[in-house]
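Chemist: Data: query.cif, mmCIF, C-alpha atoms.
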data_work
#
loop_
_atom_site.label_atom_id
_atom_site.label_comp_id
_atom_site.auth_asym_id
_atom_site.auth_seq_id
_atom_site.Cartn_x
_atom_site.Cartn_y
_atom_site.Cartn_z
CA MET Z 1 -20.14 -21.16 -19.63
CA GLY Z 2 -22.59 -18.49 -18.60
CA LEU Z 3 -22.26 -14.98 -17.26
CA THR Z 4 -18.96 -13.56 -16.05
CA ILE Z 5 -17.89 -10.26 -14.55
CA GLY Z 6 -15.15 -8.09 -16.00
CA VAL Z 7 -13.33 -5.57 -13.82
CA ASP Z 8 -11.51 -2.52 -15.18
CA ILE Z 9 -9.19 -0.78 -12.71
CA GLY Z 10 -8.92 2.87 -13.67
CA GLY Z 11 -7.04 5.74 -12.12
CA THR Z 12 -10.18 7.31 -10.63
CA LYS Z 13 -12.76 4.52 -10.68
CA ILE Z 14 -13.08 0.74 -10.69
CA ALA Z 15 -15.83 -0.59 -12.95
CA ALA Z 16 -17.31 -4.08 -12.83
CA GLY Z 17 -19.77 -5.38 -15.40
CA VAL Z 18 -21.75 -8.55 -16.00
CA VAL Z 19 -21.05 -9.76 -19.55
CA ASP Z 20 -22.73 -12.53 -21.52
CA GLU Z 21 -21.08 -14.84 -24.05
CA GLU Z 22 -21.88 -12.46 -26.92
CA GLY Z 23 -20.04 -9.58 -25.26
CA ASN Z 24 -23.14 -7.71 -24.09
CA ILE Z 25 -22.88 -5.83 -20.80
CA LEU Z 26 -25.96 -6.59 -18.71
CA SER Z 27 -25.23 -4.52 -15.59
CA THR Z 28 -22.41 -2.42 -14.16
CA HIS Z 29 -21.28 -1.07 -10.82
CA LYS Z 30 -18.58 1.55 -10.26
CA VAL Z 31 -16.68 2.61 -7.16
CA PRO Z 32 -13.91 5.18 -6.62
CA THR Z 33 -10.33 3.91 -6.89
CA PRO Z 34 -8.68 4.03 -3.43
CA GLY Z 35 -5.11 5.09 -2.90
CA THR Z 36 -3.77 1.93 -1.25
CA PRO Z 37 -3.25 -1.63 -2.55
CA ASP Z 38 -5.45 -3.18 0.15
CA GLY Z 39 -8.10 -0.55 -0.47
CA ILE Z 40 -8.14 -1.47 -4.17
CA VAL Z 41 -8.79 -5.12 -3.31
CA ASP Z 42 -11.71 -4.02 -1.13
CA ALA Z 43 -13.00 -1.80 -3.92
CA ILE Z 44 -12.78 -4.60 -6.51
CA ALA Z 45 -14.80 -6.86 -4.22
CA SER Z 46 -17.37 -4.10 -3.67
CA ALA Z 47 -17.72 -3.45 -7.41
CA VAL Z 48 -18.13 -7.17 -8.14
CA GLU Z 49 -20.79 -7.59 -5.46
CA GLY Z 50 -22.66 -4.56 -6.78
CA ALA Z 51 -22.63 -5.80 -10.36
CA ARG Z 52 -23.52 -9.44 -9.64
CA ALA Z 53 -26.79 -8.69 -7.82
CA GLY Z 54 -29.57 -10.68 -9.48
CA HIS Z 55 -27.21 -12.64 -11.76
CA GLU Z 56 -25.74 -16.14 -11.62
CA ILE Z 57 -22.01 -15.57 -12.13
CA VAL Z 58 -19.42 -18.25 -12.96
CA GLY Z 59 -16.20 -16.23 -12.82
CA VAL Z 60 -14.45 -12.87 -12.66
CA GLY Z 61 -11.77 -11.41 -14.92
CA ILE Z 62 -9.70 -8.44 -13.74
CA GLY Z 63 -7.82 -6.12 -16.10
CA ALA Z 64 -4.82 -4.62 -14.29
CA ALA Z 65 -2.16 -2.26 -15.62
CA GLY Z 66 1.15 -4.01 -15.09
CA TYR Z 67 3.03 -7.24 -15.60
CA VAL Z 68 0.85 -10.28 -14.88
CA ASN Z 69 2.28 -13.80 -14.59
CA ARG Z 70 1.41 -16.58 -17.05
CA GLN Z 71 -0.87 -18.24 -14.50
CA ARG Z 72 -3.02 -15.10 -14.52
CA SER Z 73 -2.87 -14.89 -10.77
CA GLU Z 74 -0.15 -12.49 -9.67
CA VAL Z 75 0.84 -8.96 -10.63
CA TYR Z 76 4.63 -8.89 -10.82
CA PHE Z 77 4.77 -5.11 -11.05
CA ALA Z 78 2.29 -2.28 -11.54
CA PRO Z 79 3.51 1.20 -12.49
CA ASN Z 80 0.76 3.21 -10.80
CA ILE Z 81 -0.15 0.95 -7.86
CA ASP Z 82 2.25 -0.30 -5.19
CA TRP Z 83 1.86 -3.91 -6.31
CA ARG Z 84 5.03 -6.02 -6.29
CA ASN Z 85 4.42 -9.79 -6.68
CA GLU Z 86 0.83 -9.12 -5.60
CA PRO Z 87 -1.33 -12.30 -5.29
CA LEU Z 88 -4.39 -10.49 -6.60
CA LYS Z 89 -6.30 -13.61 -7.71
CA GLN Z 90 -6.02 -15.19 -4.26
CA LYS Z 91 -7.06 -12.05 -2.42
CA VAL Z 92 -10.10 -11.29 -4.58
CA GLU Z 93 -11.27 -14.91 -4.67
CA ALA Z 94 -11.26 -14.94 -0.88
CA ARG Z 95 -13.49 -11.87 -0.89
CA VAL Z 96 -16.03 -12.75 -3.61
CA GLY Z 97 -16.16 -16.55 -3.51
CA LEU Z 98 -15.81 -16.90 -7.30
CA PRO Z 99 -13.02 -18.11 -9.62
CA VAL Z 100 -10.86 -15.13 -10.61
CA VAL Z 101 -8.32 -14.57 -13.38
CA VAL Z 102 -6.06 -11.54 -13.66
CA GLU Z 103 -5.01 -10.16 -17.03
CA ASN Z 104 -3.00 -7.20 -18.23
CA ASP Z 105 -5.49 -4.45 -19.04
CA ALA Z 106 -4.19 -3.83 -22.58
CA ASN Z 107 -4.35 -7.57 -23.32
CA ALA Z 108 -7.92 -7.61 -22.04
CA ALA Z 109 -8.88 -4.66 -24.25
CA ALA Z 110 -7.22 -6.29 -27.26
CA TRP Z 111 -9.13 -9.51 -26.67
CA GLY Z 112 -12.40 -7.62 -26.33
CA GLU Z 113 -11.84 -5.86 -29.66
CA TYR Z 114 -10.78 -9.08 -31.35
CA LYS Z 115 -13.81 -11.08 -30.17
CA PHE Z 116 -16.55 -8.47 -30.20
CA GLY Z 117 -15.31 -5.28 -31.86
CA ALA Z 118 -13.14 -4.14 -34.74
CA GLY Z 119 -11.23 -7.43 -34.92
CA LYS Z 120 -14.19 -9.65 -35.73
CA GLY Z 121 -13.40 -11.74 -38.79
CA HIS Z 122 -9.61 -11.47 -38.34
CA ARG Z 123 -7.32 -14.27 -37.17
CA ASN Z 124 -4.17 -12.17 -36.77
CA VAL Z 125 -4.42 -8.68 -35.32
CA ILE Z 126 -2.20 -6.37 -33.33
CA CYS Z 127 -3.88 -3.86 -31.04
CA ILE Z 128 -2.31 -0.69 -29.75
CA THR Z 129 -3.86 1.69 -27.25
CA LEU Z 130 -2.92 5.33 -27.65
CA GLY Z 131 -3.86 6.95 -24.38
CA THR Z 132 -1.83 8.69 -21.71
CA GLY Z 133 0.76 6.03 -22.50
CA LEU Z 134 0.95 3.30 -25.15
CA GLY Z 135 -0.03 -0.34 -24.66
CA GLY Z 136 -1.05 -3.25 -26.81
CA GLY Z 137 -1.99 -6.85 -27.37
CA ILE Z 138 -1.11 -9.64 -29.79
CA ILE Z 139 -3.65 -12.06 -31.29
CA ILE Z 140 -2.09 -14.55 -33.68
CA GLY Z 141 -3.95 -17.59 -34.96
CA ASN Z 142 -7.02 -16.63 -32.91
CA LYS Z 143 -5.02 -16.82 -29.68
CA LEU Z 144 -3.88 -14.13 -27.27
CA ARG Z 145 -0.11 -14.33 -27.22
CA ARG Z 146 1.14 -13.44 -23.77
CA GLY Z 147 4.70 -14.78 -23.95
CA HIS Z 148 6.45 -17.37 -21.82
CA TYR Z 149 6.31 -15.30 -18.63
CA GLY Z 150 3.01 -13.58 -19.44
CA VAL Z 151 4.41 -10.11 -20.03
CA ALA Z 152 4.56 -9.80 -23.84
CA ALA Z 153 3.19 -6.87 -25.87
CA GLU Z 154 4.59 -4.06 -23.71
CA PHE Z 155 4.87 -2.09 -26.94
CA GLY Z 156 5.10 1.27 -25.26
CA HIS Z 157 8.54 0.42 -23.94
CA ILE Z 158 10.16 -0.60 -27.20
CA ARG Z 159 13.16 1.73 -27.53
CA MET Z 160 12.55 3.85 -30.60
CA VAL Z 161 15.33 6.40 -29.97
CA PRO Z 162 18.66 5.36 -28.42
CA ASP Z 163 19.40 7.65 -25.48
CA GLY Z 164 16.12 9.46 -26.19
CA LEU Z 165 13.61 10.98 -23.82
CA LEU Z 166 13.50 9.60 -20.29
CA CYS Z 167 10.50 7.35 -19.73
CA GLY Z 168 8.64 6.69 -16.52
CA CYS Z 169 9.78 3.07 -16.71
CA GLY Z 170 13.37 4.25 -16.17
CA SER Z 171 14.56 3.66 -19.74
CA GLN Z 172 15.15 6.22 -22.48
CA GLY Z 173 13.61 6.63 -25.92
CA CYS Z 174 10.54 4.43 -25.36
CA TRP Z 175 7.86 4.48 -28.05
CA GLU Z 176 5.22 5.94 -25.73
CA GLN Z 177 7.37 9.02 -25.22
CA TYR Z 178 6.78 9.82 -28.89
CA ALA Z 179 3.31 8.36 -29.60
CA SER Z 180 0.87 8.95 -26.75
CA GLY Z 181 -1.40 11.57 -25.26
CA ARG Z 182 1.46 12.92 -23.19
CA ALA Z 183 3.62 13.21 -26.29
CA LEU Z 184 0.86 15.04 -28.19
CA VAL Z 185 0.56 17.67 -25.46
CA ARG Z 186 4.34 18.08 -25.36
CA TYR Z 187 4.49 18.61 -29.13
CA ALA Z 188 1.74 21.22 -28.98
CA LYS Z 189 3.31 23.14 -26.11
CA GLN Z 190 6.72 23.20 -27.80
CA ARG Z 191 5.30 24.39 -31.10
CA ALA Z 192 3.02 26.97 -29.55
CA ASN Z 193 5.94 28.37 -27.61
CA ALA Z 194 8.12 28.56 -30.72
CA THR Z 195 5.48 30.00 -33.10
CA PRO Z 196 2.57 31.43 -31.11
CA GLU Z 197 1.29 33.17 -34.25
CA ASN Z 198 0.47 29.69 -35.64
CA ALA Z 199 -1.38 28.64 -32.51
CA GLU Z 200 -3.94 31.40 -32.04
CA ILE Z 201 -6.93 29.06 -31.91
CA LEU Z 202 -5.14 26.56 -29.68
CA LEU Z 203 -3.92 29.18 -27.22
CA GLY Z 204 -7.36 30.81 -27.14
CA LEU Z 205 -8.91 27.54 -25.95
CA GLY Z 206 -6.63 27.44 -22.93
CA ASP Z 207 -5.38 30.20 -20.69
CA GLY Z 208 -3.48 31.94 -23.48
CA SER Z 209 -0.13 30.38 -22.65
CA PRO Z 210 1.54 27.20 -23.93
CA ASP Z 211 1.57 25.79 -20.41
CA GLY Z 212 -2.23 25.90 -20.34
CA ILE Z 213 -2.65 23.60 -23.35
CA GLU Z 214 -4.49 20.33 -22.66
CA GLY Z 215 -5.26 17.37 -24.88
CA LYS Z 216 -8.87 18.41 -25.42
CA HIS Z 217 -7.73 21.81 -26.65
CA ILE Z 218 -5.49 20.23 -29.31
CA SER Z 219 -8.35 18.15 -30.69
CA MET Z 220 -10.72 21.11 -30.84
CA ALA Z 221 -8.12 23.38 -32.41
CA ALA Z 222 -7.05 20.81 -35.00
CA ARG Z 223 -10.64 20.44 -36.18
CA GLN Z 224 -10.68 24.21 -36.72
CA GLY Z 225 -7.48 24.07 -38.76
CA ASP Z 226 -5.05 25.47 -36.17
CA PRO Z 227 -1.59 24.90 -37.76
CA VAL Z 228 0.19 23.97 -34.52
CA ALA Z 229 -2.54 21.55 -33.45
CA VAL Z 230 -2.62 19.86 -36.86
CA ASP Z 231 1.17 19.61 -36.99
CA SER Z 232 1.24 18.10 -33.48
CA TYR Z 233 -1.09 15.31 -34.61
CA ARG Z 234 1.09 14.73 -37.64
CA GLU Z 235 4.16 14.38 -35.44
CA LEU Z 236 2.43 11.88 -33.18
CA ALA Z 237 1.20 9.96 -36.24
CA ARG Z 238 4.69 9.89 -37.72
CA TRP Z 239 5.99 8.01 -34.69
CA ALA Z 240 2.91 5.83 -34.32
CA GLY Z 241 3.06 4.73 -37.96
CA ALA Z 242 6.78 4.03 -37.80
CA GLY Z 243 6.20 1.77 -34.82
CA LEU Z 244 3.41 -0.10 -36.62
CA ALA Z 245 5.77 -0.71 -39.53
CA ASP Z 246 8.23 -2.36 -37.13
CA LEU Z 247 5.44 -4.48 -35.64
CA ALA Z 248 4.39 -5.53 -39.14
CA SER Z 249 7.89 -6.87 -39.71
CA LEU Z 250 7.57 -8.94 -36.54
CA PHE Z 251 3.98 -10.21 -36.71
CA ASP Z 252 2.58 -9.61 -40.23
CA PRO Z 253 -1.03 -9.09 -39.05
CA SER Z 254 -4.03 -8.56 -41.30
CA ALA Z 255 -5.05 -5.52 -39.25
CA PHE Z 256 -3.85 -3.07 -36.65
CA ILE Z 257 -6.58 -1.94 -34.27
CA VAL Z 258 -5.95 1.47 -32.74
CA GLY Z 259 -7.72 2.09 -29.45
CA GLY Z 260 -7.29 4.36 -26.45
CA GLY Z 261 -8.47 7.92 -26.01
CA LEU Z 262 -6.69 9.25 -29.08
CA SER Z 263 -8.57 6.83 -31.34
CA ASP Z 264 -11.74 8.75 -30.47
CA GLU Z 265 -10.47 11.45 -32.84
CA GLY Z 266 -11.13 9.13 -35.79
CA GLU Z 267 -9.58 10.07 -39.11
CA LEU Z 268 -7.89 13.09 -37.59
CA VAL Z 269 -5.33 10.68 -36.14
CA LEU Z 270 -5.89 7.49 -38.17
CA ASP Z 271 -5.32 8.93 -41.64
CA PRO Z 272 -1.84 10.32 -40.90
CA ILE Z 273 -0.95 7.11 -39.01
CA ARG Z 274 -1.82 5.07 -42.11
CA LYS Z 275 0.34 7.32 -44.28
CA SER Z 276 3.29 7.09 -41.91
CA TYR Z 277 2.89 3.33 -41.59
CA LYS Z 278 2.96 2.89 -45.37
CA ARG Z 279 5.92 5.27 -45.60
CA TRP Z 280 8.05 3.22 -43.20
CA LEU Z 281 6.84 -0.28 -44.11
CA VAL Z 282 9.68 -2.18 -45.79
CA GLY Z 283 8.57 -3.04 -49.31
CA GLY Z 284 5.34 -1.18 -48.75
CA ASN Z 285 4.75 -0.58 -52.46
CA TRP Z 286 5.04 -4.28 -53.29
CA ARG Z 287 3.52 -6.22 -50.40
CA PRO Z 288 0.04 -6.58 -48.86
CA VAL Z 289 -0.54 -3.81 -46.33
CA ALA Z 290 -2.46 -4.44 -43.12
CA ASP Z 291 -5.55 -2.36 -42.42
CA VAL Z 292 -5.25 0.31 -39.73
CA ILE Z 293 -8.69 0.58 -38.15
CA ALA Z 294 -10.27 2.27 -35.16
CA ALA Z 295 -11.32 0.28 -32.11
CA GLN Z 296 -15.08 0.00 -31.68
CA LEU Z 297 -15.72 -0.79 -28.02
CA GLY Z 298 -14.25 2.36 -26.50
CA ASN Z 299 -13.80 2.33 -22.74
CA GLU Z 300 -15.73 -0.92 -22.46
CA ALA Z 301 -13.13 -3.01 -24.34
CA GLY Z 302 -11.07 -3.89 -21.27
CA LEU Z 303 -14.08 -4.81 -19.15
CA VAL Z 304 -15.64 -6.97 -21.88
CA GLY Z 305 -12.32 -8.62 -22.72
CA ALA Z 306 -11.50 -9.40 -19.10
CA ALA Z 307 -14.94 -10.94 -18.61
CA ASP Z 308 -14.53 -13.14 -21.67
CA LEU Z 309 -11.03 -14.25 -20.66
CA ALA Z 310 -12.51 -15.40 -17.34
CA ARG Z 311 -14.24 -18.14 -19.36
CA GLU Z 312 -10.87 -19.55 -20.41
CA PRO Z 313 -9.86 -22.23 -17.86
CA ASP Z 314 -6.15 -22.07 -18.73
CA PRO Z 315 -3.80 -19.24 -19.76
CA ILE Z 316 -3.86 -18.52 -23.50
CA MET Z 317 -0.30 -18.69 -24.68
#
Can you dump the structure from the file as structure tokens?

Modeler:
Amino acid sequence: MGLTIGVDIGGTKIAAGVVDEEGNILSTHKVPTPGTPDGIVDAIASAVEGARAGHEIVGVGIGAAGYVNRQRSEVYFAPNIDWRNEPLKQKVEARVGLPVVVENDANAAAWGEYKFGAGKGHRNVICITLGTGLGGGIIIGNKLRRGHYGVAAEFGHIRMVPDGLLCGCGSQGCWEQYASGRALVRYAKQRANATPENAEILLGLGDGSPDGIEGKHISMAARQGDPVAVDSYRELARWAGAGLADLASLFDPSAFIVGGGLSDEGELVLDPIRKSYKRWLVGGNWRPVADVIAAQLGNEAGLVGAADLAREPDPIM
């Protein structure tokens, strides 16, 4: 179909990129993320116009955090933007004069990895993104499965612990409260507070107190063998692997692709996730076990996936 533009709406910046049919990014343009819904529409239009200069563009795909309808036109609800039944497709099309599709950002990232990254060669993959929260996407039979209403694969809000930790969604015990960047920092702070003698490296990287621990400190300390940092990763991996075992019972994929910021840590996080997954997989000693592999496209997965989905004339169900 030609060149399309993918748009990734981040917390601090909105990135637009021209992407060809092989998943190559030819040009990009970034603008700061405004604080108002109307300002975000203006910023999306500005980013698209900046990226499209000198290119013949046939469509735009937007990756948005939130529930997107099956027509890929409206955001039912966004957790971090005041969008409620927001007609985003209509508003952006009016600004840029191009066909626009809207997709959930985790779905877009999953599609990008499936088509152009770690999922190449697989027909059935489940993607999870371990970042500040936990998201995901479902590709079964080479198709992105979005559900009847378009809001499938909200894996982060599967209830793992009845009456567990309060989640930002309003429920309790959601998976992302136990397997996410936020959870990792919580584990490290709790353990450092309980046994500071086991967190000397970790505490030394911050301000010396448990409250000063940040995600980057945990990674650095774990690579130096800090007991609390290593144990915090193991706890996160225990919950992540248990969740993958549940997803295997539902979807039986050939591979799980792990993306998001935590996947950048490579085997530090992937190896214990694999062990936990095998531990909790029903019949794990007697059945084929899906690969657990790292995403390859990094922060570009959502942009590339959204651009490619813009080439699809109808929703992929």

Chemist: Got a sec to check which residues sit within 8 Å of (2.0, 10.6, -35.4), counting all atoms listed in the file, and write them as a PyMOL selection string?

Modeler: chain Z and resi 179+232-241+269+272-273+276

Chemist: I need the output of the PyMOL selection byres ((chain Z and resi 192) around 10) for this file as a PDB file with C-alpha atoms, keeping the file's coordinate frame; which residues are they?

Modeler:
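Writing done, so here's out_30.pdb:
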ATOM      1  CA  ARG Z 186       4.340  18.080 -25.360  1.00  0.00           C
ATOM      2  CA  TYR Z 187       4.490  18.610 -29.130  1.00  0.00           C
ATOM      3  CA  ALA Z 188       1.740  21.220 -28.980  1.00  0.00           C
ATOM      4  CA  LYS Z 189       3.310  23.140 -26.110  1.00  0.00           C
ATOM      5  CA  GLN Z 190       6.720  23.200 -27.800  1.00  0.00           C
ATOM      6  CA  ARG Z 191       5.300  24.390 -31.100  1.00  0.00           C
ATOM      7  CA  ASN Z 193       5.940  28.370 -27.610  1.00  0.00           C
ATOM      8  CA  ALA Z 194       8.120  28.560 -30.720  1.00  0.00           C
ATOM      9  CA  THR Z 195       5.480  30.000 -33.100  1.00  0.00           C
ATOM     10  CA  PRO Z 196       2.570  31.430 -31.110  1.00  0.00           C
ATOM     11  CA  GLU Z 197       1.290  33.170 -34.250  1.00  0.00           C
ATOM     12  CA  ASN Z 198       0.470  29.690 -35.640  1.00  0.00           C
ATOM     13  CA  ALA Z 199      -1.380  28.640 -32.510  1.00  0.00           C
ATOM     14  CA  GLU Z 200      -3.940  31.400 -32.040  1.00  0.00           C
ATOM     15  CA  LEU Z 202      -5.140  26.560 -29.680  1.00  0.00           C
ATOM     16  CA  LEU Z 203      -3.920  29.180 -27.220  1.00  0.00           C
ATOM     17  CA  SER Z 209      -0.130  30.380 -22.650  1.00  0.00           C
ATOM     18  CA  PRO Z 210       1.540  27.200 -23.930  1.00  0.00           C
ATOM     19  CA  ASP Z 211       1.570  25.790 -20.410  1.00  0.00           C
ATOM     20  CA  ILE Z 213      -2.650  23.600 -23.350  1.00  0.00           C
ATOM     21  CA  PRO Z 227      -1.590  24.900 -37.760  1.00  0.00           C
ATOM     22  CA  VAL Z 228       0.190  23.970 -34.520  1.00  0.00           C
ATOM     23  CA  ALA Z 229      -2.540  21.550 -33.450  1.00  0.00           C
ATOM     24  CA  SER Z 232       1.240  18.100 -33.480  1.00  0.00           C
TER      25      SER Z 232
END

Chemist: Using only C-alpha atoms, which residues sit within 6 Å of Z:Val48 once same-chain residues fewer than 3 positions away are excluded, as JSON, numbers by chain?

Modeler: {"Z": [16, 45, 51]}

Chemist: Pick out the closest residue to Z:Ile81 from this set: Z:Val19, Z:Leu98, Z:Ala47, Z:Val41. Count all atoms listed in the file.

Modeler: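 Going through Z:Val19, Z:Leu98, Z:Ala47, Z:Val41 one by one, the smallest distance to Z:Ile81 is for Z:Val41.
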
Chemist: Looking at Z:Ile25, Z:Ile201, Z:Leu303, Z:Met220, which one is nearest to Z:Ile9, with distances taken over all atoms listed in the file?

Modeler: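 So, comparing all the options, the nearest one is Z:Leu303.
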
Chemist: To verify the selection step, state as a list in words which residues the PyMOL selection byres ((chain Z and resi 159-163) around 12) yields on this input.

Modeler: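 Applied to this file, the PyMOL selection byres ((chain Z and resi 159-163) around 12) returns Glu154, Phe155, Gly156, His157, Ile158, Gly164, Leu165, Leu166, Cys167, Cys169, Gly170, Ser171, Gln172, Gly173, Cys174, Trp175, Glu176, Gln177, Tyr178, Ala179, Trp239, Ala240, Ala242, Gly243, Leu244 and Asp246 of chain Z.
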
Chemist: Which neighbours of Z:Val101 fall inside 6 Å, counting all atoms listed in the file, when residues of the same chain fewer than 5 positions from it are skipped, and could you give them as a VMD selection string?

Modeler: chain Z and resid 61 72 310

Chemist: Here is a test: counting only C-alpha atoms, which residue of Z:Val18, Z:Leu184, Z:Leu270, Z:Leu250 is nearest to Z:Ala53?

Modeler: Z:Val18

Chemist: What gap, in Å, lies between atom CA of Z:Gly284 and atom CA of Z:Leu247?

Modeler: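 Straight-line distance from atom CA of Z:Gly284 to atom CA of Z:Leu247 works out to 13.5 Å.
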
Chemist: From the list Z:Val151, Z:Ala94, Z:Val31, Z:Leu144, which residue is nearest Z:Val75 when using all atoms listed in the file?

Modeler: Z:Val151

Chemist: Taking the file as shown, find all residues satisfying the PyMOL selection byres ((chain Z and resi 290) around 9) and write them as a list in words.

Modeler: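 Selected by the PyMOL selection byres ((chain Z and resi 290) around 9) here: Ala248, Asp252, Pro253, Ser254, Ala255, Phe256, Pro288, Val289, Asp291 and Val292 of chain Z.
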
Chemist: If you keep C-alpha atoms, can you produce a file of those selected residues as a PDB file, in the coordinates of the input?

Modeler:
ATOM      1  CA  ALA Z 248       4.390  -5.530 -39.140  1.00  0.00           C
ATOM      2  CA  ASP Z 252       2.580  -9.610 -40.230  1.00  0.00           C
ATOM      3  CA  PRO Z 253      -1.030  -9.090 -39.050  1.00  0.00           C
ATOM      4  CA  SER Z 254      -4.030  -8.560 -41.300  1.00  0.00           C
ATOM      5  CA  ALA Z 255      -5.050  -5.520 -39.250  1.00  0.00           C
ATOM      6  CA  PHE Z 256      -3.850  -3.070 -36.650  1.00  0.00           C
ATOM      7  CA  PRO Z 288       0.040  -6.580 -48.860  1.00  0.00           C
ATOM      8  CA  VAL Z 289      -0.540  -3.810 -46.330  1.00  0.00           C
ATOM      9  CA  ASP Z 291      -5.550  -2.360 -42.420  1.00  0.00           C
ATOM     10  CA  VAL Z 292      -5.250   0.310 -39.730  1.00  0.00           C
TER      11      VAL Z 292
END

Chemist: Counting all atoms listed in the file, what is within 6 Å of Z:Ala15, bar same-chain residues fewer than 3 positions away, as a ChimeraX atom specification?

Modeler: /Z:7-8,29-30

Chemist: Could you tell me how far atom CA of Z:Ile14 lies from atom CA of Z:Val100, in Å and to one decimal?

Modeler: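 Result for atom CA of Z:Ile14 versus atom CA of Z:Val100: 16.0 Å, one decimal.
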
Chemist: In terms of the shortest atom-to-atom distance over all atoms listed in the file, which of Z:Gly215, Z:Gly11, Z:Pro79, Z:Gly136 is closest to Z:Pro32?

Modeler: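 Between Z:Gly215, Z:Gly11, Z:Pro79, Z:Gly136, the residue approaching Z:Pro32 most closely is Z:Gly11.
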
Chemist: Between Z:Ser249, Z:Ala301, Z:Glu267, Z:Leu130, which has the minimum distance to Z:Val282 (counting all atoms listed in the file)?

Modeler: Z:Ser249

Chemist: Figure out the distance between atom CA of Z:Asp82 and atom CA of Z:Glu113, please, to one decimal in Å.

Modeler: 28.8 Å

Chemist: Do a neighbour search on Z:Glu86 at 7 Å with only C-alpha atoms, toss out local chain neighbours closer than 2 positions, and write the hits as a PyMOL selection string.

Modeler: chain Z and resi 74-76+83-84+88

Chemist: Given 3 Å on each side, where is the centre and what are the edge lengths in Å to one decimal of the axis-aligned box enclosing the listed atoms of stretch 135-138 of chain Z, as lines of an AutoDock Vina configuration file?

Modeler:
center_x = -1.0
center_y = -5.0
center_z = -27.2
size_x = 8.0
size_y = 15.3
size_z = 11.1

Chemist: Fix up stretch 218-222 of chain Z with all heavy atoms, then write it as a CSV table (one decimal), keeping the file's coordinate frame.

Modeler:
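Once everything was written out, this is result_23.csv:
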chain,number,residue,atom,x,y,z
Z,218,ILE,N,-6.2,20.5,-28.1
Z,218,ILE,CA,-5.5,20.2,-29.3
Z,218,ILE,C,-6.5,19.6,-30.3
Z,218,ILE,O,-6.5,20.0,-31.5
Z,218,ILE,CB,-4.3,19.3,-29.0
Z,218,ILE,CG1,-3.4,19.8,-28.0
Z,218,ILE,CG2,-3.5,19.0,-30.3
Z,218,ILE,CD1,-2.3,18.8,-27.5
Z,219,SER,N,-7.3,18.8,-29.8
Z,219,SER,CA,-8.4,18.2,-30.7
Z,219,SER,C,-9.3,19.2,-31.2
Z,219,SER,O,-9.5,19.3,-32.5
Z,219,SER,CB,-9.2,17.1,-29.9
Z,219,SER,OG,-10.3,16.7,-30.6
Z,220,MET,N,-9.8,20.1,-30.4
Z,220,MET,CA,-10.7,21.1,-30.8
Z,220,MET,C,-10.1,22.1,-31.8
Z,220,MET,O,-10.6,22.4,-32.9
Z,220,MET,CB,-11.2,21.9,-29.6
Z,220,MET,CG,-12.1,21.0,-28.7
Z,220,MET,SD,-12.4,21.9,-27.1
Z,220,MET,CE,-13.3,23.3,-27.6
Z,221,ALA,N,-8.8,22.4,-31.5
Z,221,ALA,CA,-8.1,23.4,-32.4
Z,221,ALA,C,-7.8,22.7,-33.8
Z,221,ALA,O,-7.9,23.4,-34.8
Z,221,ALA,CB,-6.9,23.9,-31.7
Z,222,ALA,N,-7.4,21.5,-33.7
Z,222,ALA,CA,-7.0,20.8,-35.0
Z,222,ALA,C,-8.3,20.7,-35.9
Z,222,ALA,O,-8.1,20.9,-37.1
Z,222,ALA,CB,-6.5,19.4,-34.7
